[in-house]
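Dropping input.cif in here (mmCIF, C-alpha atoms):
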```
data_data
#
loop_
_atom_site.label_atom_id
_atom_site.label_comp_id
_atom_site.auth_asym_id
_atom_site.auth_seq_id
_atom_site.Cartn_x
_atom_site.Cartn_y
_atom_site.Cartn_z
CA MET A 1 38.60 137.75 103.28
CA THR A 2 39.60 135.34 105.94
CA PRO A 3 37.12 132.46 106.42
CA SER A 4 35.52 132.23 109.75
CA LYS A 5 35.78 129.31 112.06
CA SER A 6 32.23 128.13 111.24
CA ASP A 7 32.95 128.08 107.50
CA ILE A 8 35.99 125.94 108.03
CA GLU A 9 34.01 123.40 110.07
CA THR A 10 31.32 123.20 107.34
CA ILE A 11 33.90 122.46 104.62
CA VAL A 12 35.53 119.76 106.76
CA LYS A 13 32.22 118.01 107.42
CA THR A 14 31.31 118.10 103.72
CA ALA A 15 34.67 116.55 102.76
CA GLU A 16 34.14 113.77 105.31
CA ARG A 17 30.65 112.91 103.93
CA GLY A 18 31.75 112.76 100.20
CA PRO A 19 33.18 109.17 99.94
CA SER A 20 30.24 107.66 101.79
CA VAL A 21 27.73 109.15 99.30
CA TRP A 22 29.64 107.88 96.31
CA ARG A 23 29.85 104.40 97.78
CA ARG A 24 26.13 104.33 98.33
CA LEU A 25 25.51 105.49 94.75
CA ILE A 26 27.80 102.78 93.34
CA TRP A 27 26.14 100.03 95.40
CA GLY A 28 22.75 101.26 94.36
CA LEU A 29 23.67 101.06 90.68
CA LEU A 30 25.07 97.54 91.14
CA LEU A 31 21.86 96.40 92.79
CA VAL A 32 19.76 97.85 89.95
CA VAL A 33 21.89 96.08 87.32
CA ALA A 34 21.72 92.77 89.22
CA ALA A 35 17.96 93.03 89.57
CA ALA A 36 17.58 93.79 85.88
CA GLY A 37 19.76 90.79 84.93
CA LEU A 38 17.86 88.51 87.26
CA TRP A 39 14.54 89.67 85.82
CA PHE A 40 15.77 89.18 82.25
CA TRP A 41 17.07 85.66 83.01
CA TRP A 42 13.86 84.76 84.82
CA THR A 43 11.61 85.90 81.99
CA SER A 44 13.79 84.28 79.31
CA GLY A 45 13.78 80.97 81.23
CA SER A 46 10.01 81.13 81.44
CA ARG A 47 9.75 81.75 77.72
CA GLN A 48 12.06 78.83 76.97
CA ASP A 49 9.85 76.62 79.07
CA LEU A 50 7.01 77.21 76.58
CA PRO A 51 7.52 74.96 73.53
CA LEU A 52 7.10 76.27 69.99
CA TYR A 53 5.12 73.81 67.86
CA ILE A 54 5.19 73.17 64.12
CA THR A 55 1.62 72.62 62.95
CA GLN A 56 -0.30 71.81 59.80
CA PRO A 57 -4.03 72.16 59.27
CA VAL A 58 -6.40 69.25 58.76
CA GLU A 59 -7.49 69.37 55.10
CA ARG A 60 -9.80 67.42 52.86
CA SER A 61 -7.81 65.41 50.37
CA ASP A 62 -7.95 62.46 47.96
CA ILE A 63 -6.06 59.46 49.33
CA ILE A 64 -4.83 57.02 46.69
CA VAL A 65 -3.08 53.92 48.06
CA GLN A 66 -0.60 52.31 45.70
CA VAL A 67 1.67 49.28 45.75
CA THR A 68 4.92 49.59 43.83
CA ALA A 69 6.52 46.60 42.09
CA THR A 70 9.09 46.02 39.38
CA GLY A 71 9.17 43.50 36.56
CA THR A 72 9.66 42.98 32.84
CA VAL A 73 7.50 43.36 29.75
CA GLU A 74 6.85 40.03 28.01
CA PRO A 75 4.74 38.80 25.06
CA THR A 76 1.45 37.17 26.00
CA ASN A 77 2.41 34.03 24.05
CA LYS A 78 6.04 33.18 23.35
CA VAL A 79 6.90 29.94 21.54
CA GLU A 80 10.31 28.31 21.12
CA ILE A 81 10.66 26.33 17.87
CA SER A 82 12.96 23.32 18.01
CA SER A 83 13.82 20.34 15.83
CA GLU A 84 12.94 16.77 16.71
CA LEU A 85 15.44 15.51 14.17
CA SER A 86 19.19 15.65 13.89
CA GLY A 87 20.75 16.76 10.67
CA THR A 88 22.38 19.54 8.69
CA VAL A 89 20.53 22.79 8.08
CA ARG A 90 20.01 23.21 4.34
CA SER A 91 18.27 26.61 4.34
CA VAL A 92 17.05 29.35 6.71
CA GLU A 93 14.02 31.21 5.44
CA ALA A 94 13.16 33.57 8.34
CA ASP A 95 15.10 36.25 10.19
CA PHE A 96 14.75 38.57 13.16
CA ASN A 97 11.57 40.69 13.29
CA ASP A 98 9.98 38.85 10.36
CA LEU A 99 6.21 38.48 10.52
CA VAL A 100 5.28 34.84 9.99
CA LYS A 101 2.05 32.86 9.57
CA LYS A 102 1.13 29.53 11.07
CA GLY A 103 2.65 26.74 8.93
CA GLN A 104 5.16 29.04 7.22
CA ILE A 105 8.58 27.46 6.61
CA LEU A 106 11.31 28.88 8.84
CA ALA A 107 14.17 26.49 7.97
CA ARG A 108 14.83 23.16 6.25
CA LEU A 109 17.10 20.26 7.15
CA ASP A 110 18.95 18.10 4.63
CA THR A 111 16.45 15.42 3.55
CA ASP A 112 18.57 12.98 1.47
CA LYS A 113 18.75 10.38 4.22
CA LEU A 114 15.12 10.93 5.18
CA GLU A 115 13.93 10.48 1.61
CA ALA A 116 15.98 7.28 1.36
CA ASN A 117 14.33 5.99 4.52
CA VAL A 118 10.93 6.70 3.01
CA GLU A 119 11.80 4.75 -0.12
CA LEU A 120 13.12 1.91 2.02
CA GLY A 121 9.89 1.86 3.96
CA ARG A 122 7.82 1.74 0.79
CA ALA A 123 9.92 -1.12 -0.56
CA SER A 124 9.57 -2.99 2.73
CA LEU A 125 5.81 -2.54 2.53
CA SER A 126 5.75 -3.90 -1.02
CA ALA A 127 7.79 -6.94 0.05
CA SER A 128 5.42 -7.57 2.94
CA GLN A 129 2.45 -7.36 0.63
CA ALA A 130 4.11 -9.88 -1.72
CA ARG A 131 4.71 -12.25 1.17
CA LEU A 132 1.09 -11.91 2.15
CA ALA A 133 0.01 -12.85 -1.37
CA GLU A 134 2.31 -15.87 -1.31
CA ALA A 135 1.03 -16.92 2.09
CA THR A 136 -2.55 -16.55 0.89
CA ALA A 137 -1.88 -18.78 -2.13
CA THR A 138 -0.20 -21.37 0.04
CA LEU A 139 -3.11 -21.33 2.46
CA ASN A 140 -5.58 -21.85 -0.37
CA GLU A 141 -3.53 -24.76 -1.62
CA MET A 142 -3.33 -26.33 1.83
CA ASN A 143 -7.09 -25.93 2.26
CA ASP A 144 -7.71 -27.81 -1.01
CA ASN A 145 -5.33 -30.58 0.05
CA TYR A 146 -7.05 -30.87 3.39
CA GLU A 147 -10.50 -31.08 1.77
CA ARG A 148 -9.36 -33.89 -0.57
CA ALA A 149 -7.72 -35.77 2.29
CA LEU A 150 -10.88 -35.49 4.32
CA GLN A 151 -13.02 -36.88 1.47
CA LEU A 152 -10.61 -39.76 0.87
CA GLU A 153 -10.54 -40.62 4.55
CA GLN A 154 -14.33 -40.73 4.62
CA LYS A 155 -14.21 -43.23 1.71
CA HIS A 156 -11.51 -45.21 3.51
CA VAL A 157 -9.14 -44.61 0.60
CA THR A 158 -6.39 -42.91 2.67
CA THR A 159 -5.14 -43.37 6.13
CA LEU A 160 -5.83 -41.19 9.16
CA GLU A 161 -2.15 -40.23 9.21
CA GLY A 162 -2.44 -38.62 5.78
CA LEU A 163 -5.47 -36.60 6.92
CA LEU A 164 -3.61 -35.30 9.95
CA LYS A 165 -0.63 -34.23 7.85
CA ALA A 166 -2.89 -32.31 5.49
CA LYS A 167 -4.58 -30.58 8.40
CA ALA A 168 -1.20 -29.58 9.94
CA ALA A 169 0.00 -28.18 6.62
CA ARG A 170 -3.18 -26.10 6.34
CA ASP A 171 -2.72 -24.72 9.88
CA ARG A 172 0.91 -23.75 9.15
CA ALA A 173 -0.17 -21.97 5.97
CA GLU A 174 -2.84 -20.05 7.87
CA ALA A 175 -0.26 -18.95 10.50
CA ALA A 176 2.12 -17.86 7.76
CA ARG A 177 -0.62 -15.72 6.25
CA LYS A 178 -1.31 -14.04 9.58
CA SER A 179 2.41 -13.37 9.99
CA ALA A 180 2.49 -11.78 6.55
CA GLU A 181 -0.45 -9.56 7.50
CA ALA A 182 1.42 -8.48 10.65
CA ASP A 183 4.54 -7.71 8.58
CA ILE A 184 2.41 -5.44 6.39
CA ARG A 185 1.20 -3.50 9.42
CA VAL A 186 4.80 -3.12 10.66
CA SER A 187 5.93 -1.94 7.25
CA GLU A 188 3.08 0.55 7.05
CA ALA A 189 3.97 1.92 10.50
CA ASN A 190 7.64 2.28 9.57
CA LEU A 191 6.67 4.04 6.36
CA LYS A 192 4.50 6.50 8.33
CA ILE A 193 7.40 7.20 10.71
CA ASN A 194 9.77 7.87 7.85
CA GLU A 195 7.25 10.08 6.09
CA ALA A 196 6.67 12.01 9.33
CA ASN A 197 10.41 12.50 9.78
CA LEU A 198 10.61 13.79 6.24
CA THR A 199 7.83 16.23 6.99
CA LYS A 200 9.56 17.38 10.21
CA ALA A 201 12.67 18.22 8.24
CA CYS A 202 10.71 21.33 7.31
CA ILE A 203 10.81 23.53 10.46
CA CYS A 204 7.60 25.57 10.33
CA SER A 205 5.93 28.23 12.49
CA SER A 206 3.27 26.97 14.88
CA ILE A 207 1.62 30.39 15.42
CA ASP A 208 1.01 33.70 13.72
CA GLY A 209 3.55 36.14 15.11
CA VAL A 210 6.95 37.76 14.82
CA VAL A 211 10.44 36.24 15.02
CA LEU A 212 12.15 37.40 18.22
CA GLY A 213 15.18 35.12 18.04
CA ARG A 214 17.03 33.03 15.45
CA ASN A 215 19.71 30.60 16.64
CA VAL A 216 20.47 28.69 13.44
CA GLU A 217 22.63 29.18 10.36
CA VAL A 218 22.91 27.38 7.04
CA GLY A 219 25.26 24.39 7.33
CA GLN A 220 24.82 24.10 11.07
CA ILE A 221 24.48 20.55 12.40
CA VAL A 222 21.46 20.10 14.64
CA ALA A 223 21.88 17.36 17.26
CA SER A 224 18.62 16.62 19.04
CA SER A 225 19.54 13.27 20.55
CA LEU A 226 20.06 14.65 24.08
CA GLN A 227 18.17 17.94 24.13
CA ALA A 228 16.12 19.63 21.46
CA PRO A 229 17.88 22.87 20.45
CA VAL A 230 15.90 26.13 20.23
CA LEU A 231 16.18 27.34 16.65
CA PHE A 232 13.61 30.16 16.62
CA THR A 233 11.73 32.16 19.27
CA LEU A 234 8.35 33.55 18.19
CA ALA A 235 6.00 36.02 19.88
CA ALA A 236 2.30 35.83 19.10
CA ASP A 237 1.15 39.48 19.00
CA LEU A 238 3.23 42.40 20.23
CA LYS A 239 0.17 44.68 20.26
CA ASN A 240 -1.12 42.85 23.32
CA MET A 241 1.62 42.19 25.85
CA GLU A 242 1.87 41.60 29.58
CA LEU A 243 3.93 42.97 32.43
CA ARG A 244 5.14 40.44 34.99
CA VAL A 245 5.97 42.04 38.34
CA ASP A 246 7.01 40.64 41.72
CA ILE A 247 4.87 41.87 44.64
CA ASP A 248 6.26 41.73 48.16
CA GLU A 249 4.52 39.36 50.56
CA ALA A 250 3.60 42.32 52.80
CA ASP A 251 1.57 43.87 49.95
CA ILE A 252 0.10 40.79 48.25
CA GLY A 253 -2.98 40.89 50.50
CA LYS A 254 -3.89 44.35 49.21
CA VAL A 255 -3.94 43.60 45.49
CA LYS A 256 -6.52 41.65 43.52
CA VAL A 257 -7.37 40.80 39.93
CA GLY A 258 -8.80 43.83 38.17
CA ASN A 259 -6.80 46.50 40.03
CA GLU A 260 -5.78 49.36 37.76
CA ALA A 261 -2.12 50.24 37.47
CA SER A 262 0.33 52.45 35.62
CA PHE A 263 3.97 51.82 34.87
CA THR A 264 7.04 53.50 33.45
CA VAL A 265 10.03 52.26 31.49
CA GLU A 266 13.47 53.79 31.14
CA ALA A 267 13.10 54.09 27.37
CA TYR A 268 10.33 56.70 27.65
CA GLN A 269 11.16 59.09 30.48
CA GLY A 270 8.20 61.00 31.86
CA ARG A 271 5.58 58.84 30.16
CA THR A 272 3.27 56.41 31.95
CA PHE A 273 1.45 53.46 30.42
CA PRO A 274 -1.87 52.05 31.67
CA ALA A 275 -2.29 48.42 32.73
CA ALA A 276 -4.56 46.16 34.78
CA ILE A 277 -3.94 43.01 36.82
CA SER A 278 -5.18 39.98 34.91
CA ALA A 279 -3.74 37.19 37.10
CA LEU A 280 -2.02 36.55 40.43
CA ARG A 281 0.25 33.55 40.88
CA PHE A 282 0.02 31.48 44.09
CA ALA A 283 3.54 30.08 43.74
CA PRO A 284 6.05 32.05 45.85
CA LYS A 285 9.48 33.23 44.77
CA THR A 286 12.20 33.41 47.42
CA VAL A 287 15.38 35.36 46.65
CA ASP A 288 17.86 36.12 49.47
CA GLY A 289 15.15 35.45 52.02
CA VAL A 290 12.67 37.85 50.39
CA VAL A 291 9.34 36.25 49.42
CA THR A 292 7.42 37.69 46.46
CA TYR A 293 4.47 36.65 44.31
CA GLU A 294 4.14 37.20 40.58
CA ALA A 295 1.35 39.34 39.19
CA ILE A 296 0.45 39.51 35.49
CA LEU A 297 -0.64 42.91 34.15
CA SER A 298 -2.23 43.14 30.70
CA ILE A 299 -0.90 45.89 28.41
CA ASP A 300 -2.27 47.53 25.28
CA ASN A 301 0.77 48.03 23.03
CA ALA A 302 -1.03 49.23 19.92
CA GLU A 303 1.73 51.80 19.24
CA LEU A 304 4.40 49.06 19.44
CA LEU A 305 6.51 51.25 21.74
CA LEU A 306 7.11 48.55 24.33
CA ARG A 307 9.49 45.72 23.56
CA PRO A 308 9.96 42.34 25.23
CA GLY A 309 12.39 42.37 28.10
CA MET A 310 11.99 46.04 29.09
CA THR A 311 12.27 46.68 32.83
CA ALA A 312 9.21 48.46 34.20
CA THR A 313 8.18 49.97 37.54
CA ALA A 314 4.46 49.62 38.19
CA ASP A 315 2.24 51.49 40.64
CA ILE A 316 -0.84 49.39 41.40
CA LYS A 317 -3.83 51.28 42.80
CA VAL A 318 -5.31 49.20 45.61
CA ALA A 319 -7.55 51.79 47.34
CA GLU A 320 -8.93 55.27 46.70
CA ILE A 321 -10.73 57.63 49.10
CA ARG A 322 -12.16 60.89 47.77
CA ASP A 323 -12.51 64.16 49.74
CA ALA A 324 -11.63 62.75 53.16
CA PRO A 325 -10.23 64.73 56.13
CA ALA A 326 -6.54 63.92 56.23
CA ILE A 327 -3.51 64.72 58.36
CA PRO A 328 0.21 64.49 57.57
CA ASN A 329 1.84 61.25 58.65
CA ALA A 330 4.28 63.23 60.80
CA ALA A 331 1.37 64.02 63.15
CA LEU A 332 0.99 60.29 63.88
CA ARG A 333 4.63 60.05 64.88
CA PHE A 334 4.70 63.13 67.12
CA ALA A 335 4.58 62.92 70.91
CA PRO A 336 5.25 65.91 73.23
CA PRO A 337 8.54 65.86 75.13
CA ALA A 338 8.44 64.82 78.76
CA GLN A 339 9.40 67.69 81.14
CA ALA A 340 12.29 67.01 83.48
CA GLU A 341 11.72 67.34 87.21
CA GLU A 342 12.36 70.76 88.69
CA SER A 343 15.40 71.32 90.87
CA SER A 344 14.69 70.87 94.54
CA GLY A 345 17.14 73.53 95.74
CA THR A 346 16.01 76.10 98.30
CA GLY A 347 16.94 79.65 98.96
CA LEU A 348 18.41 81.87 96.27
CA LEU A 349 19.79 79.00 94.16
CA GLY A 350 16.42 77.27 94.20
CA MET A 351 14.73 80.44 93.06
CA LEU A 352 17.32 81.02 90.36
CA PHE A 353 17.26 77.54 88.80
CA LYS A 354 13.74 76.29 89.35
CA ASN A 355 12.59 77.50 85.91
CA ALA A 356 15.61 76.33 83.94
CA PRO A 357 14.17 74.38 80.96
CA SER A 358 15.11 70.75 80.64
CA ARG A 359 13.30 68.19 78.43
CA ALA A 360 13.61 64.45 78.38
CA PRO A 361 13.33 62.64 75.01
CA SER A 362 9.74 62.04 73.96
CA ALA A 363 8.36 58.55 73.49
CA ALA A 364 7.12 57.59 70.03
CA ALA A 365 3.37 57.47 69.60
CA SER A 366 2.02 53.91 69.44
CA ALA A 367 -1.22 52.36 68.25
CA SER A 368 -3.73 50.73 70.59
CA ALA A 369 -5.03 47.21 70.19
CA ASP A 370 -8.05 48.40 68.20
CA GLY A 371 -5.92 50.55 65.90
CA HIS A 372 -6.63 53.94 67.50
CA ARG A 373 -3.81 56.48 67.63
CA THR A 374 -3.20 59.60 69.70
CA ILE A 375 -2.38 62.84 67.94
CA TYR A 376 -1.92 66.33 69.38
CA VAL A 377 -3.91 69.38 68.29
CA LEU A 378 -2.92 72.95 69.11
CA ARG A 379 -5.83 74.49 71.00
CA ASN A 380 -5.58 77.66 73.11
CA ASP A 381 -1.80 77.69 72.54
CA ALA A 382 -1.50 74.28 74.21
CA ALA A 383 -1.09 70.71 72.90
CA GLU A 384 -4.26 68.71 73.42
CA ALA A 385 -4.25 64.92 72.96
CA VAL A 386 -6.96 63.59 70.64
CA ASP A 387 -7.76 59.92 70.03
CA ILE A 388 -8.41 59.07 66.35
CA LEU A 389 -8.81 55.99 64.16
CA PRO A 390 -6.53 56.38 61.12
CA GLY A 391 -7.71 55.15 57.73
CA GLU A 392 -5.90 54.59 54.46
CA THR A 393 -2.56 56.28 53.82
CA ASP A 394 -0.64 57.13 50.67
CA GLY A 395 2.67 57.36 52.51
CA THR A 396 2.43 61.14 53.04
CA LYS A 397 -1.09 61.75 54.33
CA THR A 398 -3.50 59.58 56.31
CA ALA A 399 -7.29 59.76 56.21
CA ILE A 400 -9.15 60.09 59.52
CA SER A 401 -11.93 57.54 59.98
CA GLU A 402 -12.94 58.55 63.52
CA GLY A 403 -11.92 61.22 65.99
CA ASP A 404 -12.67 64.66 67.44
CA VAL A 405 -10.81 66.48 64.67
CA ALA A 406 -12.33 68.95 62.23
CA VAL A 407 -11.09 70.41 58.99
CA GLY A 408 -8.94 73.43 59.80
CA ASP A 409 -7.67 72.16 63.17
CA LEU A 410 -3.93 72.55 63.62
CA VAL A 411 -2.27 69.20 64.26
CA ILE A 412 1.22 69.24 65.74
CA THR A 413 3.94 67.59 63.67
CA ASP A 414 7.13 68.68 65.42
CA LEU A 415 8.86 71.12 67.78
CA THR A 416 11.13 73.97 66.75
CA GLU A 417 14.16 75.32 68.53
CA GLN A 418 13.71 78.67 70.30
#
```
Show me the file's structure as structure tokens.
Amino acid sequence: MTPSKSDIETIVKTAERGPSVWRRLIWGLLLVVAAAGLWFWWTSGSRQDLPLYITQPVERSDIIVQVTATGTVEPTNKVEISSELSGTVRSVEADFNDLVKKGQILARLDTDKLEANVELGRASLSASQARLAEATATLNEMNDNYERALQLEQKHVTTLEGLLKAKAARDRAEAARKSAEADIRVSEANLKINEANLTKACICSSIDGVVLGRNVEVGQIVASSLQAPVLFTLAADLKNMELRVDIDEADIGKVKVGNEASFTVEAYQGRTFPAAISALRFAPKTVDGVVTYEAILSIDNAELLLRPGMTATADIKVAEIRDAPAIPNAALRFAPPAQAEESSGTGLLGMLFKNAPSRAPSAAASASADGHRTIYVLRNDAAEAVDILPGETDGTKTAISEGDVAVGDLVITDLTEQ
């Protein structure tokens, strides 16, 4: 069948309209995709503009404030035994770890020379006593002569010159007797010195305790002329010892006599020992520019586990608050980031980039003059600034003394990446 003229015109018109319809469809699809992308970017930018906070609830907690210091374990009374005399050691009668009593012999020096000096002193005393007896006899004789001369002079039998000579002889005899008496006192003093030196040749314990150190051997020559050598080191009672720690000058104002403490030593891992501050020294110690003060902690060492010289780390309890509302210390350091200024562009670019998120670094939270701090609490999905007065802290948590914060409130500690 041959198409008519009208059919041919219809087909031609349809063919001419075909490309225009397809173009319009393609442009329509492109506009839909662009609108969808713009909407997605817009909504995602808005979501990024909302920060995501890391929070922790306010809880009631026990705050225990401690000061940490290191030191060494020492005996409460340590005595160094020396020798006042020089000489050769004849015997050693005590060794390490021996329990000794007061007055017990620890060592002896050679006493031959000392004994000879004692005998010499006794002989010198005897000679002085003999001279005193001779001087006494002479004085008696001179007194008799003077009495006779005086009687004769009164009877005008002798001359005045003879009387004066008798008197002078009596005076000399009296002076000689006094000199002999003085020689006796000198001899007695020398004898006491020699006897004391002989006694000191026996090196004895001055306390009841235990021998910590022995620095002497038999046959050793002790020379004490310049400096007295330490022969033995004794500790009084190892059941009651002390821990000497150095406290930093920043913490010394917190501690006081009577504070309880606990300490550990490397020898007993995982075990703590109780202690208490018994004394605080006023004298400072400066090492490499660091100033510390010595504290003495009393220790009960009934089990004899602790030994002198052990290095210990002590935790001194200086404050304790029970069941107080507390926040993590990270909340005191948190401050919300400052938002950057929006772009000032106009038109399509301004609309596209006005919500692009940009944050400036946040400033660290600081304390006011009266000690108040600002923290941020998450309320209604927004950070709300709250002014509080922080109390004691244990290094992880801080008690709240004042502030519009209740137990269960979510305090902000940080931001998280989206």
Long-range neighbours of range 399-408 of chain A as a list of chain:residue names, 9 Å cut-off, only C-alpha atoms, 5 positions minimum in chain: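 Counting only C-alpha atoms, the residues come to A:Gln56, A:Pro57, A:Val58, A:Glu59, A:Arg60, A:Ser61, A:Asp62, A:Ile63, A:Ile321, A:Ala324, A:Pro325, A:Ala326, A:Ile327, A:Pro328, A:His372, A:Val377, A:Val386, A:Asp387, A:Ile388, A:Leu389, A:Pro390, A:Gly391, A:Glu392, A:Thr393.
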Step by step, work through what the PyMOL selection byres ((chain A and resi 197) around 10) selects in the shown file, and finish by giving those residues as a PyMOL selection string. chain A and resi 84-85+111+114-115+117-118+191-196+198-202
Of the listed residues A:Thr413, A:Lys317, A:Phe334, A:Glu93, that which approaches Ile64 in chain A most closely, counting only C-alpha atoms: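 Of all the options, A:Lys317 lies closest to Ile64 in chain A.
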State, in Å with one decimal place, the distance from CA of Leu106 in chain A to CA of Leu304 in chain A.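 Rounded to one decimal, the two atoms are 23.8 Å apart.
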Can you translate the PyMOL selection byres ((chain A and resi 312) around 12) into the concrete residues it hits in this file, as a short mmCIF file (atom, residue, chain, number, x, y, z; two decimals) with C-alpha atoms, keeping the file's coordinate frame?
```
data_model
loop_
_atom_site.label_atom_id
_atom_site.label_comp_id
_atom_site.auth_asym_id
_atom_site.auth_seq_id
_atom_site.Cartn_x
_atom_site.Cartn_y
_atom_site.Cartn_z
CA THR A 68 4.92 49.59 43.83
CA ALA A 69 6.52 46.60 42.09
CA THR A 70 9.09 46.02 39.38
CA GLY A 71 9.17 43.50 36.56
CA THR A 72 9.66 42.98 32.84
CA VAL A 73 7.50 43.36 29.75
CA GLU A 74 6.85 40.03 28.01
CA GLU A 242 1.87 41.60 29.58
CA LEU A 243 3.93 42.97 32.43
CA ARG A 244 5.14 40.44 34.99
CA VAL A 245 5.97 42.04 38.34
CA ASP A 246 7.01 40.64 41.72
CA ALA A 261 -2.12 50.24 37.47
CA SER A 262 0.33 52.45 35.62
CA PHE A 263 3.97 51.82 34.87
CA THR A 264 7.04 53.50 33.45
CA VAL A 265 10.03 52.26 31.49
CA GLU A 266 13.47 53.79 31.14
CA ALA A 267 13.10 54.09 27.37
CA TYR A 268 10.33 56.70 27.65
CA GLN A 269 11.16 59.09 30.48
CA ARG A 271 5.58 58.84 30.16
CA THR A 272 3.27 56.41 31.95
CA PHE A 273 1.45 53.46 30.42
CA PRO A 274 -1.87 52.05 31.67
CA ALA A 275 -2.29 48.42 32.73
CA LEU A 297 -0.64 42.91 34.15
CA ILE A 299 -0.90 45.89 28.41
CA LEU A 306 7.11 48.55 24.33
CA ARG A 307 9.49 45.72 23.56
CA PRO A 308 9.96 42.34 25.23
CA GLY A 309 12.39 42.37 28.10
CA MET A 310 11.99 46.04 29.09
CA THR A 311 12.27 46.68 32.83
CA THR A 313 8.18 49.97 37.54
CA ALA A 314 4.46 49.62 38.19
CA ASP A 315 2.24 51.49 40.64
#
```
Would you kindly translate the PyMOL selection byres ((chain A and resi 76) around 6) into the concrete residues it picks from this file, as an MDAnalysis selection string? chainID A and resid 75 77 241:242
Generate the output file for the selected residues, C-alpha atoms, as a short mmCIF file (atom, residue, chain, number, x, y, z; two decimals), in the coordinates of the input.
```
data_model
loop_
_atom_site.label_atom_id
_atom_site.label_comp_id
_atom_site.auth_asym_id
_atom_site.auth_seq_id
_atom_site.Cartn_x
_atom_site.Cartn_y
_atom_site.Cartn_z
CA PRO A 75 4.74 38.80 25.06
CA ASN A 77 2.41 34.03 24.05
CA MET A 241 1.62 42.19 25.85
CA GLU A 242 1.87 41.60 29.58
#
```
Any idea what the distance is between CA of Ala175 in chain A and CA of Glu147 in chain A?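 Interatomic distance, CA of Ala175 in chain A to CA of Glu147 in chain A: 18.1 Å.
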Atom-to-atom span, CA of Leu99 in chain A and CA of Ser298 in chain A, Å: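 Going from CA of Leu99 in chain A over to CA of Ser298 in chain A covers 22.4 Å.
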Quick one: everything within 8 Å of Glu80 in chain A, counting all atoms listed in the file, minus sequence neighbours fewer than 2 positions away in the same chain. Send it as an MDAnalysis selection string. chainID A and resid 78 82 230:234
Within 7 Å of range 128-141 of chain A using only C-alpha atoms, minus same-chain residues under 6 positions, as JSON, numbers by chain: {"A": [170, 173, 174, 176, 177, 180, 181, 183, 184]}
Print the selection's residues with C-alpha atoms to a file, as an mmCIF file, in the frame of the given file.
```cif
data_model
loop_
_atom_site.group_PDB
_atom_site.id
_atom_site.type_symbol
_atom_site.label_atom_id
_atom_site.label_comp_id
_atom_site.auth_asym_id
_atom_site.auth_seq_id
_atom_site.Cartn_x
_atom_site.Cartn_y
_atom_site.Cartn_z
ATOM 1 C CA ARG A 170 -3.180 -26.100 6.340
ATOM 2 C CA ALA A 173 -0.170 -21.970 5.970
ATOM 3 C CA GLU A 174 -2.840 -20.050 7.870
ATOM 4 C CA ALA A 176 2.120 -17.860 7.760
ATOM 5 C CA ARG A 177 -0.620 -15.720 6.250
ATOM 6 C CA ALA A 180 2.490 -11.780 6.550
ATOM 7 C CA GLU A 181 -0.450 -9.560 7.500
ATOM 8 C CA ASP A 183 4.540 -7.710 8.580
ATOM 9 C CA ILE A 184 2.410 -5.440 6.390
#
```
Between A:Leu332, A:Arg373, A:Asp248, A:Thr55, which one has atoms that come closest to Val287 in chain A, using all atoms listed in the file?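 Nearest to Val287 in chain A: A:Asp248.
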Using all atoms listed in the file, which of the listed residues (A:Lys155, A:Leu25, A:Ala382, A:Tyr53) sits closest to Thr416 in chain A?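 For Thr416 in chain A, the nearest of the candidates is A:Tyr53.
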At most 12 Å from (-3.6, 33.7, 39.6), file frame, all atoms listed in the file: which residues, as an NGL selection string? :A and (244 or 252 or 255-258 or 277-284 or 293-297)
From (19.9, 34.1, 16.7), in the file's coordinates, out to 9 Å: which residues are reached, counting all atoms listed in the file? Answer as a PyMOL selection string. chain A and resi 95-96+212-217+231-233
Out of A:Gln151, A:Gln66, A:Thr292, A:Thr158, which residue has the shortest atom-to-atom distance to Asn259 in chain A when counting all atoms listed in the file?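 Ranking A:Gln151, A:Gln66, A:Thr292, A:Thr158 by distance to Asn259 in chain A, first place goes to A:Gln66.
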Quick one: of A:Ala385, A:Ala189, A:Leu238, A:Val100, who's nearest to Ser205 in chain A, counting all atoms listed in the file?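 For Ser205 in chain A, the nearest of the given residues is A:Val100.
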Of the candidates A:Thr159, A:Gln220, A:Asn97, A:Asn143, which shows the shortest atom-to-atom distance to Asp237 in chain A, using all atoms listed in the file? A:Asn97
Given 8 Å of margin on each side, can you work out the centre and size in Å (one decimal) of an axis-aligned box holding every listed atom of range 185-190 of chain A, as lines of an AutoDock Vina configuration file?
```
center_x = 4.4
center_y = -0.6
center_z = 8.9
size_x = 22.4
size_y = 21.8
size_z = 19.6
```
